[in-house]
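Pasted below: query01.pdb, PDB, C-alpha atoms.
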ATOM      1  CA  MET D1023       0.000   0.000   0.000
ATOM      2  CA  VAL D1024       2.640   2.490   1.068
ATOM      3  CA  GLY D1025       4.887   1.598  -1.827
ATOM      4  CA  THR D1026       2.407   2.977  -4.374
ATOM      5  CA  GLN D1027       1.637   6.211  -2.529
ATOM      6  CA  PRO D1028       3.644   9.137  -1.142
ATOM      7  CA  VAL D1029       5.345   8.533   2.178
ATOM      8  CA  PRO D1030       3.505  10.551   4.844
ATOM      9  CA  ASP D1031       5.176  13.519   6.514
ATOM     10  CA  VAL D1032       3.524  13.815   9.911
ATOM     11  CA  GLY D1033       5.384  17.038  10.642
ATOM     12  CA  GLN D1034       4.291  18.908   7.537
ATOM     13  CA  GLU D1035       2.406  22.184   7.608
ATOM     14  CA  VAL D1036      -1.377  21.807   7.373
ATOM     15  CA  SER D1037      -4.342  24.152   7.137
ATOM     16  CA  PRO D1038      -5.399  26.071  10.257
ATOM     17  CA  GLU D1039      -8.574  23.994  10.401
ATOM     18  CA  VAL D1040      -6.687  20.698  10.439
ATOM     19  CA  GLU D1041      -4.091  22.096  12.833
ATOM     20  CA  ALA D1042      -6.930  22.928  15.209
ATOM     21  CA  LEU D1043      -8.181  19.340  15.048
ATOM     22  CA  ILE D1044      -4.662  18.032  15.689
ATOM     23  CA  GLY D1045      -4.259  20.431  18.599
ATOM     24  CA  ARG D1046      -7.444  19.162  20.200
ATOM     25  CA  VAL D1047      -6.122  15.597  20.063
ATOM     26  CA  ALA D1048      -2.677  16.620  21.273
ATOM     27  CA  ALA D1049      -4.253  18.181  24.362
ATOM     28  CA  HIS D1050      -5.283  14.684  25.455
ATOM     29  CA  LEU D1051      -1.852  13.083  25.015
ATOM     30  CA  PRO D1052       0.408  12.536  28.035
ATOM     31  CA  THR D1053       2.890  15.312  28.747
ATOM     32  CA  GLU D1054       5.575  12.962  30.060
ATOM     33  CA  GLY D1055       6.857   9.468  29.289
ATOM     34  CA  ARG D1056       6.166   7.227  26.309
ATOM     35  CA  LEU D1057       2.741   6.570  24.837
ATOM     36  CA  GLY D1058       1.676   3.151  23.601
ATOM     37  CA  VAL D1059      -0.880   3.267  20.779
ATOM     38  CA  ALA D1060      -3.024   0.156  20.357
ATOM     39  CA  TYR D1061      -2.638   0.094  16.594
ATOM     40  CA  SER D1062      -4.509  -1.897  13.955
ATOM     41  CA  GLY D1063      -3.554  -0.166  10.704
ATOM     42  CA  GLY D1064      -7.045   1.318  10.379
ATOM     43  CA  VAL D1065      -7.440   5.034   9.770
ATOM     44  CA  ASP D1066      -8.379   5.877  13.384
ATOM     45  CA  SER D1067      -5.424   4.248  15.139
ATOM     46  CA  THR D1068      -3.082   5.338  12.339
ATOM     47  CA  THR D1069      -4.158   8.962  12.689
ATOM     48  CA  LEU D1070      -3.728   8.790  16.454
ATOM     49  CA  LEU D1071      -0.275   7.284  15.938
ATOM     50  CA  ALA D1072       0.688  10.027  13.473
ATOM     51  CA  VAL D1073      -0.527  12.826  15.766
ATOM     52  CA  ALA D1074       1.398  11.274  18.676
ATOM     53  CA  VAL D1075       4.585  11.143  16.588
ATOM     54  CA  ARG D1076       4.016  14.727  15.454
ATOM     55  CA  HIS D1077       3.694  16.037  19.031
ATOM     56  CA  LEU D1078       5.640  13.593  21.178
ATOM     57  CA  GLY D1079       8.237  12.405  18.685
ATOM     58  CA  ALA D1080       8.895   8.893  17.393
ATOM     59  CA  ASP D1081      11.091   8.106  20.407
ATOM     60  CA  ARG D1082       8.136   8.651  22.756
ATOM     61  CA  THR D1083       5.573   6.757  20.669
ATOM     62  CA  VAL D1084       5.156   2.972  20.427
ATOM     63  CA  ALA D1085       2.769   1.268  17.998
ATOM     64  CA  ILE D1086       1.363  -1.947  19.475
ATOM     65  CA  LEU D1087      -0.329  -4.478  17.195
ATOM     66  CA  GLY D1088      -2.295  -7.366  18.697
ATOM     67  CA  ILE D1089      -1.689 -10.600  16.788
ATOM     68  CA  SER D1090      -4.207 -13.437  16.773
ATOM     69  CA  PRO D1091      -6.160 -15.559  14.254
ATOM     70  CA  SER D1092      -8.797 -12.793  14.092
ATOM     71  CA  LEU D1093      -6.340 -10.420  12.353
ATOM     72  CA  ALA D1094      -6.378 -10.759   8.576
ATOM     73  CA  THR D1095      -3.007 -11.552   7.015
ATOM     74  CA  ALA D1096      -3.205  -8.604   4.625
ATOM     75  CA  GLU D1097      -4.144  -6.201   7.443
ATOM     76  CA  ARG D1098      -1.088  -7.255   9.454
ATOM     77  CA  ALA D1099       1.281  -6.608   6.559
ATOM     78  CA  ALA D1100      -0.330  -3.269   5.699
ATOM     79  CA  ALA D1101      -0.133  -2.091   9.322
ATOM     80  CA  HIS D1102       3.631  -2.617   9.328
ATOM     81  CA  ASP D1103       4.036  -0.788   6.012
ATOM     82  CA  ILE D1104       2.061   2.238   7.146
ATOM     83  CA  ALA D1105       3.814   2.520  10.520
ATOM     84  CA  ARG D1106       7.172   2.305   8.770
ATOM     85  CA  GLY D1107       6.130   5.233   6.578
ATOM     86  CA  ILE D1108       5.193   7.260   9.654
ATOM     87  CA  GLY D1109       8.606   6.534  11.141
ATOM     88  CA  VAL D1110       7.887   4.091  13.930
ATOM     89  CA  GLY D1111       8.322   0.369  14.292
ATOM     90  CA  VAL D1112       5.559  -1.982  15.399
ATOM     91  CA  VAL D1113       5.629  -4.048  18.561
ATOM     92  CA  GLU D1114       3.611  -7.209  17.969
ATOM     93  CA  VAL D1115       1.787  -8.561  21.003
ATOM     94  CA  PRO D1116       0.356 -12.086  20.655
ATOM     95  CA  THR D1117      -3.084 -12.310  22.222
ATOM     96  CA  ASP D1118      -5.044 -15.396  23.202
ATOM     97  CA  GLU D1119      -8.669 -14.313  23.315
ATOM     98  CA  GLY D1120      -9.543 -17.684  21.796
ATOM     99  CA  SER D1121      -8.816 -19.329  25.146
ATOM    100  CA  SER D1122     -11.721 -17.399  26.695
ATOM    101  CA  ALA D1123     -14.993 -19.330  26.709
ATOM    102  CA  ALA D1124     -16.884 -16.017  26.700
ATOM    103  CA  TYR D1125     -15.067 -14.886  23.558
ATOM    104  CA  ARG D1126     -15.636 -18.191  21.779
ATOM    105  CA  ALA D1127     -19.336 -18.104  22.733
ATOM    106  CA  ASN D1128     -19.526 -15.039  20.484
ATOM    107  CA  GLY D1129     -22.221 -13.019  22.197
ATOM    108  CA  PRO D1130     -22.744  -9.324  21.402
ATOM    109  CA  ASP D1131     -20.035  -8.567  23.988
ATOM    110  CA  ARG D1132     -17.351 -10.511  22.107
ATOM    111  CA  CYS D1133     -15.353  -7.346  21.395
ATOM    112  CA  PHE D1134     -15.116  -6.650  25.118
ATOM    113  CA  HIS D1135     -13.330  -9.947  25.725
ATOM    114  CA  CYS D1136     -10.992  -9.339  22.781
ATOM    115  CA  LYS D1137     -10.054  -5.815  23.891
ATOM    116  CA  ASP D1138      -9.797  -6.935  27.512
ATOM    117  CA  GLU D1139      -7.232  -9.542  26.470
ATOM    118  CA  LEU D1140      -5.274  -7.021  24.374
ATOM    119  CA  PHE D1141      -5.139  -4.356  27.086
ATOM    120  CA  THR D1142      -4.236  -6.961  29.694
ATOM    121  CA  ARG D1143      -1.327  -8.188  27.578
ATOM    122  CA  ILE D1144      -0.111  -4.658  26.963
ATOM    123  CA  GLY D1145      -0.321  -3.830  30.656
ATOM    124  CA  ASP D1146       1.389  -6.991  31.829
ATOM    125  CA  ASP D1147       4.083  -7.512  29.221
ATOM    126  CA  VAL D1148       4.696  -4.379  27.203
ATOM    127  CA  ALA D1149       4.280  -1.320  29.424
ATOM    128  CA  VAL D1150       7.257  -2.127  31.625
ATOM    129  CA  ALA D1151       9.462  -3.409  28.807
ATOM    130  CA  TYR D1152       8.978  -0.235  26.732
ATOM    131  CA  GLY D1153       8.664   2.244  29.578
ATOM    132  CA  LEU D1154       5.135   3.298  28.701
ATOM    133  CA  SER D1155       3.438   5.885  30.882
ATOM    134  CA  ALA D1156       0.050   5.470  29.165
ATOM    135  CA  ILE D1157      -1.827   3.358  26.623
ATOM    136  CA  SER D1158      -4.254   4.796  24.079
ATOM    137  CA  TYR D1159      -6.529   3.531  21.329
ATOM    138  CA  GLY D1160      -8.342   4.964  18.338
ATOM    139  CA  GLU D1161     -11.958   5.324  19.387
ATOM    140  CA  ASN D1162     -13.452   8.385  17.675
ATOM    141  CA  ALA D1163     -16.459  10.483  18.682
ATOM    142  CA  ASP D1164     -18.809   8.587  16.363
ATOM    143  CA  ASP D1165     -17.721   5.252  17.836
ATOM    144  CA  ALA D1166     -18.285   6.566  21.351
ATOM    145  CA  ILE D1167     -22.038   6.860  20.820
ATOM    146  CA  ARG D1168     -22.549   3.568  18.979
ATOM    147  CA  PRO D1169     -24.165   0.775  21.007
ATOM    148  CA  ASP D1170     -22.199  -1.975  19.231
ATOM    149  CA  ARG D1171     -18.780  -1.059  20.646
ATOM    150  CA  PRO D1172     -18.412  -3.115  23.860
ATOM    151  CA  GLY D1173     -14.628  -2.873  23.547
ATOM    152  CA  ALA D1174     -14.956   0.630  24.970
ATOM    153  CA  ARG D1175     -15.844  -0.861  28.353
ATOM    154  CA  ALA D1176     -12.564  -2.772  28.363
ATOM    155  CA  ALA D1177     -10.702   0.461  27.617
ATOM    156  CA  THR D1178     -12.394   2.141  30.551
ATOM    157  CA  GLU D1179     -11.587  -0.722  32.927
ATOM    158  CA  HIS D1180      -7.917  -0.679  31.878
ATOM    159  CA  ARG D1181      -7.674   3.132  31.978
ATOM    160  CA  VAL D1182      -6.781   3.311  28.300
ATOM    161  CA  LEU D1183      -6.801   6.803  26.806
ATOM    162  CA  ARG D1184      -9.067   7.684  23.863
ATOM    163  CA  PRO D1185      -7.690  11.031  22.617
ATOM    164  CA  LEU D1186      -9.728  11.170  19.394
ATOM    165  CA  ALA D1187     -13.044  10.715  21.188
ATOM    166  CA  GLU D1188     -12.061  13.054  24.037
ATOM    167  CA  ALA D1189     -11.188  15.680  21.442
ATOM    168  CA  ARG D1190     -14.618  15.090  19.815
ATOM    169  CA  LEU D1191     -13.164  14.144  16.438
ATOM    170  CA  THR D1192     -15.728  12.428  14.223
ATOM    171  CA  LYS D1193     -14.799   9.890  11.574
ATOM    172  CA  ALA D1194     -14.904  12.668   8.986
ATOM    173  CA  ASP D1195     -12.534  14.745  11.116
ATOM    174  CA  VAL D1196     -10.157  11.816  11.469
ATOM    175  CA  ARG D1197     -10.095  11.294   7.706
ATOM    176  CA  ALA D1198      -9.453  15.012   7.177
ATOM    177  CA  VAL D1199      -6.421  14.883   9.477
ATOM    178  CA  ALA D1200      -5.206  11.661   7.868
ATOM    179  CA  GLY D1201      -5.470  13.141   4.390
ATOM    180  CA  ALA D1202      -3.682  16.337   5.395
ATOM    181  CA  LEU D1203      -0.787  14.330   6.871
ATOM    182  CA  GLY D1204      -0.543  12.193   3.741
ATOM    183  CA  LEU D1205      -1.485   8.931   5.434
ATOM    184  CA  PRO D1206      -2.007   6.301   2.734
ATOM    185  CA  ASN D1207      -5.080   4.838   4.435
ATOM    186  CA  ALA D1208      -6.970   8.134   4.817
ATOM    187  CA  ASP D1209      -9.832   6.774   2.698
ATOM    188  CA  LYS D1210      -9.491   3.142   3.757
ATOM    189  CA  PRO D1211     -12.834   1.441   4.423
ATOM    190  CA  ALA D1212     -13.451   0.036   7.886
ATOM    191  CA  ALA D1213     -11.849  -3.377   8.386
ATOM    192  CA  PRO D1214     -13.374  -5.065  11.440
ATOM    193  CA  CYS D1215     -11.688  -8.181  12.802
ATOM    194  CA  LEU D1216     -12.433 -11.506  11.152
ATOM    195  CA  ALA D1217     -14.544 -12.676  14.095
ATOM    196  CA  SER D1218     -17.163 -10.096  13.102
ATOM    197  CA  ARG D1219     -17.985 -12.319  10.109
ATOM    198  CA  ILE D1220     -19.298 -15.115  12.347
ATOM    199  CA  PRO D1221     -22.951 -14.849  13.520
ATOM    200  CA  HIS D1222     -23.392 -14.228  17.233
ATOM    201  CA  PHE D1223     -23.870 -17.298  19.413
ATOM    202  CA  THR D1224     -22.037 -19.379  16.803
ATOM    203  CA  GLU D1225     -18.654 -20.443  18.175
ATOM    204  CA  VAL D1226     -15.570 -18.555  17.026
ATOM    205  CA  THR D1227     -12.779 -20.970  16.109
ATOM    206  CA  PRO D1228      -9.354 -20.523  14.456
ATOM    207  CA  GLU D1229     -10.545 -22.727  11.588
ATOM    208  CA  LYS D1230     -13.495 -20.461  10.802
ATOM    209  CA  LEU D1231     -11.335 -17.345  11.041
ATOM    210  CA  SER D1232      -8.827 -18.887   8.641
ATOM    211  CA  GLN D1233     -11.607 -19.739   6.195
ATOM    212  CA  VAL D1234     -12.842 -16.155   6.212
ATOM    213  CA  ASP D1235      -9.311 -14.774   5.848
ATOM    214  CA  ARG D1236      -8.534 -16.970   2.839
ATOM    215  CA  ALA D1237     -11.918 -16.366   1.204
ATOM    216  CA  GLU D1238     -11.662 -12.584   1.515
ATOM    217  CA  ALA D1239      -8.110 -12.662   0.184
ATOM    218  CA  ALA D1240      -9.399 -14.565  -2.863
ATOM    219  CA  VAL D1241     -12.126 -11.960  -3.432
ATOM    220  CA  ARG D1242      -9.695  -9.059  -3.200
ATOM    221  CA  ALA D1243      -7.271 -10.835  -5.512
ATOM    222  CA  LEU D1244      -9.960 -10.502  -8.186
ATOM    223  CA  GLY D1245      -9.798  -6.715  -7.870
ATOM    224  CA  PHE D1246     -12.719  -6.039  -5.533
ATOM    225  CA  SER D1247     -11.989  -3.030  -3.354
ATOM    226  CA  ASP D1248     -13.748  -4.240  -0.210
ATOM    227  CA  CYS D1249     -15.743  -7.232   0.934
ATOM    228  CA  ARG D1250     -17.087  -9.249   3.849
ATOM    229  CA  VAL D1251     -17.386 -13.026   3.786
ATOM    230  CA  ARG D1252     -19.962 -13.950   6.425
ATOM    231  CA  HIS D1253     -19.513 -17.474   7.757
ATOM    232  CA  HIS D1254     -22.750 -19.500   7.797
ATOM    233  CA  GLY D1255     -21.365 -23.015   8.100
ATOM    234  CA  ASP D1256     -21.107 -24.464   4.595
ATOM    235  CA  VAL D1257     -22.389 -21.180   3.140
ATOM    236  CA  ALA D1258     -20.249 -18.109   2.554
ATOM    237  CA  ARG D1259     -22.432 -14.996   2.295
ATOM    238  CA  LEU D1260     -20.473 -12.480   0.255
ATOM    239  CA  GLU D1261     -21.000  -8.750   0.772
ATOM    240  CA  LEU D1262     -19.512  -6.336  -1.770
ATOM    241  CA  THR D1263     -19.625  -2.576  -2.228
ATOM    242  CA  ASP D1264     -22.723  -1.303  -4.019
ATOM    243  CA  HIS D1265     -20.811  -0.231  -7.109
ATOM    244  CA  GLU D1266     -19.142  -3.644  -7.471
ATOM    245  CA  LEU D1267     -22.193  -5.868  -7.089
ATOM    246  CA  ALA D1268     -22.914  -5.896 -10.820
ATOM    247  CA  ARG D1269     -19.358  -6.995 -11.641
ATOM    248  CA  ALA D1270     -19.837 -10.135  -9.562
ATOM    249  CA  ALA D1271     -22.567 -11.239 -11.991
ATOM    250  CA  ASP D1272     -20.159 -11.363 -14.931
ATOM    251  CA  PRO D1273     -19.882 -15.085 -15.782
ATOM    252  CA  GLU D1274     -16.096 -15.155 -15.742
ATOM    253  CA  VAL D1275     -15.821 -13.170 -12.515
ATOM    254  CA  ARG D1276     -18.604 -15.172 -10.884
ATOM    255  CA  SER D1277     -16.849 -18.427 -11.689
ATOM    256  CA  ALA D1278     -13.569 -17.152 -10.233
ATOM    257  CA  LEU D1279     -15.367 -15.943  -7.091
ATOM    258  CA  VAL D1280     -16.972 -19.324  -6.560
ATOM    259  CA  ASP D1281     -13.690 -21.157  -7.087
ATOM    260  CA  GLY D1282     -11.754 -18.858  -4.772
ATOM    261  CA  VAL D1283     -14.273 -18.942  -1.923
ATOM    262  CA  ARG D1284     -14.792 -22.686  -2.203
ATOM    263  CA  ALA D1285     -11.036 -23.177  -2.037
ATOM    264  CA  ALA D1286     -11.208 -21.619   1.435
ATOM    265  CA  GLY D1287     -13.431 -24.487   2.600
ATOM    266  CA  PHE D1288     -17.003 -23.394   1.857
ATOM    267  CA  ARG D1289     -19.439 -25.511  -0.167
ATOM    268  CA  PHE D1290     -21.780 -22.733  -1.259
ATOM    269  CA  VAL D1291     -21.248 -19.069  -2.182
ATOM    270  CA  ALA D1292     -24.140 -16.601  -1.851
ATOM    271  CA  LEU D1293     -24.069 -12.959  -2.917
ATOM    272  CA  ASP D1294     -25.914 -10.577  -0.560
ATOM    273  CA  LEU D1295     -27.672  -7.984  -2.704
ATOM    274  CA  VAL D1296     -27.789  -5.497   0.174
ATOM    275  CA  GLY D1297     -24.016  -5.018  -0.063
ATOM    276  CA  ILE D1298     -21.603  -4.371   2.813
ATOM    277  CA  GLN D1299     -23.382  -3.906   6.133
ATOM    278  CA  SER D1300     -21.474  -2.486   9.099
ATOM    279  CA  GLY D1301     -22.526  -4.083  12.368
ATOM    280  CA  ALA D1302     -24.768  -6.547  10.523
ATOM    281  CA  PHE D1303     -24.715  -9.141  13.290
ATOM    282  CA  THR D1304     -24.355  -6.949  16.379
ATOM    283  CA  LEU D1305     -26.571  -3.900  15.858
ATOM    284  CA  PRO D1306     -29.890  -5.810  15.763
ATOM    285  CA  LEU D1307     -29.051  -7.289  19.177
ATOM    286  CA  VAL D1308     -27.890  -4.142  20.938
ATOM    287  CA  ALA D1309     -29.749  -1.282  19.212
ATOM    288  CA  ARG D1310     -31.309   1.124  21.669
ATOM    289  CA  ASP D1311     -35.006   1.899  21.548
TER     290      ASP D1311
END
Take the structure in the file and give it back as structure tokens.
Amino acid sequence: MVGTQPVPDVGQEVSPEVEALIGRVAAHLPTEGRLGVAYSGGVDSTTLLAVAVRHLGADRTVAILGISPSLATAERAAAHDIARGIGVGVVEVPTDEGSSAAYRANGPDRCFHCKDELFTRIGDDVAVAYGLSAISYGENADDAIRPDRPGARAATEHRVLRPLAEARLTKADVRAVAGALGLPNADKPAAPCLASRIPHFTEVTPEKLSQVDRAEAAVRALGFSDCRVRHHGDVARLELTDHELARAADPEVRSALVDGVRAAGFRFVALDLVGIQSGAFTLPLVARD
């Protein structure tokens, strides 16, 4: 990703409007010590990482990437590339949320158990080793009011900072800052973890996560810009962007899609005509009246 786009310059001059947004975030960063950023390679955590480097310096900023079967292979590689462009290395922290019965049970609170494991690992193993005075993550102001974000509770319990949300930066604001700093993922679609493809109350297993990872890689290899492969046992329910739905009906493309998804271990491939649906499994269960 980074190799085909300009390398970001997080210290470059930006418009007064963007500088004001950056200043609001900077006001919620620690004034002393090193900051650990729970980093996924998505636009929110990347923007937080870039702002931290801009104001604290690369020597006081540590990018921390949780590694588990729920992280897509391509997302892991891209996260390293982007952080390298910003000027910081990535500390990989293996997590074992799969050992938690509550996580595997896959209720609407699954994200809490995942984030709880990540923040526990950072607190126990990484904070001392890297001399961190605080941990932060990339929740934005829009996320803060969504009912399908139980990971926020884990952040609160572990006293993890959320500078973007505290500064009241919306997703649009975050993308504006990312674009101004030249971050290559400024327009990157959301990329939830692979476990989000498995219906709630259906067990999360490494085998299912691997199936989804391989199936989505096969779809993207055919040139589709974004996708979700929802795991329904033998059936893979494929969600594509609205403008790419018609392309999937082309006989040659359709045949390649079927072959690629079946090669990941599914028997049947279904195309969801609604397209990509954020929070498709969780929102119906947690939506407020």
Expansion of the PyMOL selection byres ((chain D and resi 1207) around 9) into residues, as a ChimeraX atom specification: /D:1023-1024,1063-1065,1068,1104,1197,1200-1201,1204-1206,1208-1211
Selection result of the PyMOL selection byres ((chain D and resi 1036-1051) around 7) on this file, as number ranges by chain: D: 1034-1035, 1052-1053, 1073, 1077, 1185-1186, 1189, 1199, 1202
Nearest to Ser1218 (chain D) by atom-to-atom distance, counting only C-alpha atoms, from D:Ala1198, D:Cys1133, D:Ala1174, D:Val1075: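 When distances to Ser1218 (chain D) are compared using only C-alpha atoms, the smallest one comes from D:Cys1133.
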Between CA of Ser1090 (chain D) and CA of Thr1117 (chain D) - distance in Å to one decimal: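 It comes out at 5.7 Å.
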Could you write out as an mmCIF file with C-alpha atoms, in the frame of the given file the residues that the PyMOL selection byres ((chain D and resi 1182) around 10) matches in the shown file?
data_model
loop_
_atom_site.group_PDB
_atom_site.id
_atom_site.type_symbol
_atom_site.label_atom_id
_atom_site.label_comp_id
_atom_site.auth_asym_id
_atom_site.auth_seq_id
_atom_site.Cartn_x
_atom_site.Cartn_y
_atom_site.Cartn_z
ATOM 1 C CA GLY D 1058 1.676 3.151 23.601
ATOM 2 C CA VAL D 1059 -0.880 3.267 20.779
ATOM 3 C CA ALA D 1060 -3.024 0.156 20.357
ATOM 4 C CA PHE D 1141 -5.139 -4.356 27.086
ATOM 5 C CA GLY D 1145 -0.321 -3.830 30.656
ATOM 6 C CA ALA D 1156 0.050 5.470 29.165
ATOM 7 C CA ILE D 1157 -1.827 3.358 26.623
ATOM 8 C CA SER D 1158 -4.254 4.796 24.079
ATOM 9 C CA TYR D 1159 -6.529 3.531 21.329
ATOM 10 C CA ALA D 1174 -14.956 0.630 24.970
ATOM 11 C CA ARG D 1175 -15.844 -0.861 28.353
ATOM 12 C CA ALA D 1176 -12.564 -2.772 28.363
ATOM 13 C CA ALA D 1177 -10.702 0.461 27.617
ATOM 14 C CA THR D 1178 -12.394 2.141 30.551
ATOM 15 C CA GLU D 1179 -11.587 -0.722 32.927
ATOM 16 C CA HIS D 1180 -7.917 -0.679 31.878
ATOM 17 C CA ARG D 1181 -7.674 3.132 31.978
ATOM 18 C CA LEU D 1183 -6.801 6.803 26.806
ATOM 19 C CA ARG D 1184 -9.067 7.684 23.863
ATOM 20 C CA PRO D 1185 -7.690 11.031 22.617
#
Interatomic distance, CA of Arg1056 (chain D) to CA of Pro1030 (chain D) (Å, one decimal):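 Result for CA of Arg1056 (chain D) versus CA of Pro1030 (chain D): 21.9 Å, one decimal.
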Closest of D:Ala1151, D:Arg1250, D:Ala1163, D:Ser1122 to Asp1138 (chain D) - atom-to-atom distances counting all atoms listed in the file: D:Ser1122
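Between CA of Asp1118 (chain D) and CA of Glu1229 (chain D) lies a distance of 14.8 Å.
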Please produce, as a Markdown table, a per-residue contact table for region 1206-1238 of chain D versus region 1284-1294 of chain D (criterion: any atom at most 10 Å away, all atoms listed in the file considered), showing the nearest atom pair and its distance in Å to one decimal, sorted by chain then residue number.
| residue | atom | partner | partner_atom | distance |
| --- | --- | --- | --- | --- |
| D:Glu1229 | CA | D:Gly1287 | CA | 9.6 |
| D:Lys1230 | CA | D:Gly1287 | CA | 9.1 |
| D:Ser1232 | CA | D:Ala1286 | CA | 8.1 |
| D:Gln1233 | CA | D:Ala1286 | CA | 5.1 |
| D:Val1234 | CA | D:Ala1286 | CA | 7.4 |
| D:Asp1235 | CA | D:Ala1286 | CA | 8.4 |
| D:Arg1236 | CA | D:Ala1286 | CA | 5.5 |
| D:Ala1237 | CA | D:Ala1286 | CA | 5.3 |
| D:Glu1238 | CA | D:Ala1286 | CA | 9.0 |
Starting from the sparse input, extend region 1049-1070 of chain D to N, CA and C atoms and give the output as a PDB file, in the frame of the given file.
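Writing the result to selection-v3.pdb gives the following:
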ATOM      1  N   ALA D1049      -3.963  17.757  22.996  1.00  0.00           N
ATOM      2  CA  ALA D1049      -4.253  18.181  24.362  1.00  0.00           C
ATOM      3  C   ALA D1049      -4.598  17.009  25.270  1.00  0.00           C
ATOM      4  N   HIS D1050      -4.919  15.864  24.671  1.00  0.00           N
ATOM      5  CA  HIS D1050      -5.283  14.684  25.455  1.00  0.00           C
ATOM      6  C   HIS D1050      -4.181  13.620  25.436  1.00  0.00           C
ATOM      7  N   LEU D1051      -2.996  13.985  24.961  1.00  0.00           N
ATOM      8  CA  LEU D1051      -1.852  13.083  25.015  1.00  0.00           C
ATOM      9  C   LEU D1051      -1.069  13.338  26.300  1.00  0.00           C
ATOM     10  N   PRO D1052      -0.367  12.332  26.799  1.00  0.00           N
ATOM     11  CA  PRO D1052       0.408  12.536  28.035  1.00  0.00           C
ATOM     12  C   PRO D1052       1.530  13.544  27.824  1.00  0.00           C
ATOM     13  N   THR D1053       1.838  14.297  28.854  1.00  0.00           N
ATOM     14  CA  THR D1053       2.890  15.312  28.747  1.00  0.00           C
ATOM     15  C   THR D1053       4.267  14.735  29.058  1.00  0.00           C
ATOM     16  N   GLU D1054       4.309  13.580  29.703  1.00  0.00           N
ATOM     17  CA  GLU D1054       5.575  12.962  30.060  1.00  0.00           C
ATOM     18  C   GLU D1054       5.550  11.479  29.709  1.00  0.00           C
ATOM     19  N   GLY D1055       6.739  10.902  29.529  1.00  0.00           N
ATOM     20  CA  GLY D1055       6.857   9.468  29.289  1.00  0.00           C
ATOM     21  C   GLY D1055       6.528   9.077  27.859  1.00  0.00           C
ATOM     22  N   ARG D1056       6.432   7.776  27.640  1.00  0.00           N
ATOM     23  CA  ARG D1056       6.166   7.227  26.309  1.00  0.00           C
ATOM     24  C   ARG D1056       4.721   6.745  26.230  1.00  0.00           C
ATOM     25  N   LEU D1057       4.130   6.955  25.068  1.00  0.00           N
ATOM     26  CA  LEU D1057       2.741   6.570  24.837  1.00  0.00           C
ATOM     27  C   LEU D1057       2.681   5.322  23.973  1.00  0.00           C
ATOM     28  N   GLY D1058       1.961   4.315  24.419  1.00  0.00           N
ATOM     29  CA  GLY D1058       1.676   3.151  23.601  1.00  0.00           C
ATOM     30  C   GLY D1058       0.353   3.354  22.881  1.00  0.00           C
ATOM     31  N   VAL D1059       0.347   3.139  21.568  1.00  0.00           N
ATOM     32  CA  VAL D1059      -0.880   3.267  20.779  1.00  0.00           C
ATOM     33  C   VAL D1059      -1.312   1.873  20.346  1.00  0.00           C
ATOM     34  N   ALA D1060      -2.466   1.422  20.829  1.00  0.00           N
ATOM     35  CA  ALA D1060      -3.024   0.156  20.357  1.00  0.00           C
ATOM     36  C   ALA D1060      -3.409   0.368  18.896  1.00  0.00           C
ATOM     37  N   TYR D1061      -2.667  -0.264  18.014  1.00  0.00           N
ATOM     38  CA  TYR D1061      -2.638   0.094  16.594  1.00  0.00           C
ATOM     39  C   TYR D1061      -3.091  -1.091  15.755  1.00  0.00           C
ATOM     40  N   SER D1062      -3.997  -0.827  14.813  1.00  0.00           N
ATOM     41  CA  SER D1062      -4.509  -1.897  13.955  1.00  0.00           C
ATOM     42  C   SER D1062      -4.174  -1.701  12.484  1.00  0.00           C
ATOM     43  N   GLY D1063      -3.746  -0.484  12.115  1.00  0.00           N
ATOM     44  CA  GLY D1063      -3.554  -0.166  10.704  1.00  0.00           C
ATOM     45  C   GLY D1063      -4.775   0.477  10.084  1.00  0.00           C
ATOM     46  N   GLY D1064      -5.879   0.588  10.854  1.00  0.00           N
ATOM     47  CA  GLY D1064      -7.045   1.318  10.379  1.00  0.00           C
ATOM     48  C   GLY D1064      -6.803   2.814  10.466  1.00  0.00           C
ATOM     49  N   VAL D1065      -7.674   3.597   9.861  1.00  0.00           N
ATOM     50  CA  VAL D1065      -7.440   5.034   9.770  1.00  0.00           C
ATOM     51  C   VAL D1065      -7.464   5.704  11.146  1.00  0.00           C
ATOM     52  N   ASP D1066      -8.294   5.230  12.071  1.00  0.00           N
ATOM     53  CA  ASP D1066      -8.379   5.877  13.384  1.00  0.00           C
ATOM     54  C   ASP D1066      -7.088   5.709  14.177  1.00  0.00           C
ATOM     55  N   SER D1067      -6.639   4.466  14.349  1.00  0.00           N
ATOM     56  CA  SER D1067      -5.424   4.248  15.139  1.00  0.00           C
ATOM     57  C   SER D1067      -4.196   4.787  14.419  1.00  0.00           C
ATOM     58  N   THR D1068      -4.211   4.777  13.090  1.00  0.00           N
ATOM     59  CA  THR D1068      -3.082   5.338  12.339  1.00  0.00           C
ATOM     60  C   THR D1068      -2.997   6.849  12.533  1.00  0.00           C
ATOM     61  N   THR D1069      -4.140   7.509  12.485  1.00  0.00           N
ATOM     62  CA  THR D1069      -4.158   8.962  12.689  1.00  0.00           C
ATOM     63  C   THR D1069      -3.707   9.313  14.100  1.00  0.00           C
ATOM     64  N   LEU D1070      -4.172   8.565  15.083  1.00  0.00           N
ATOM     65  CA  LEU D1070      -3.728   8.790  16.454  1.00  0.00           C
ATOM     66  C   LEU D1070      -2.222   8.586  16.566  1.00  0.00           C
TER      67      LEU D1070
END
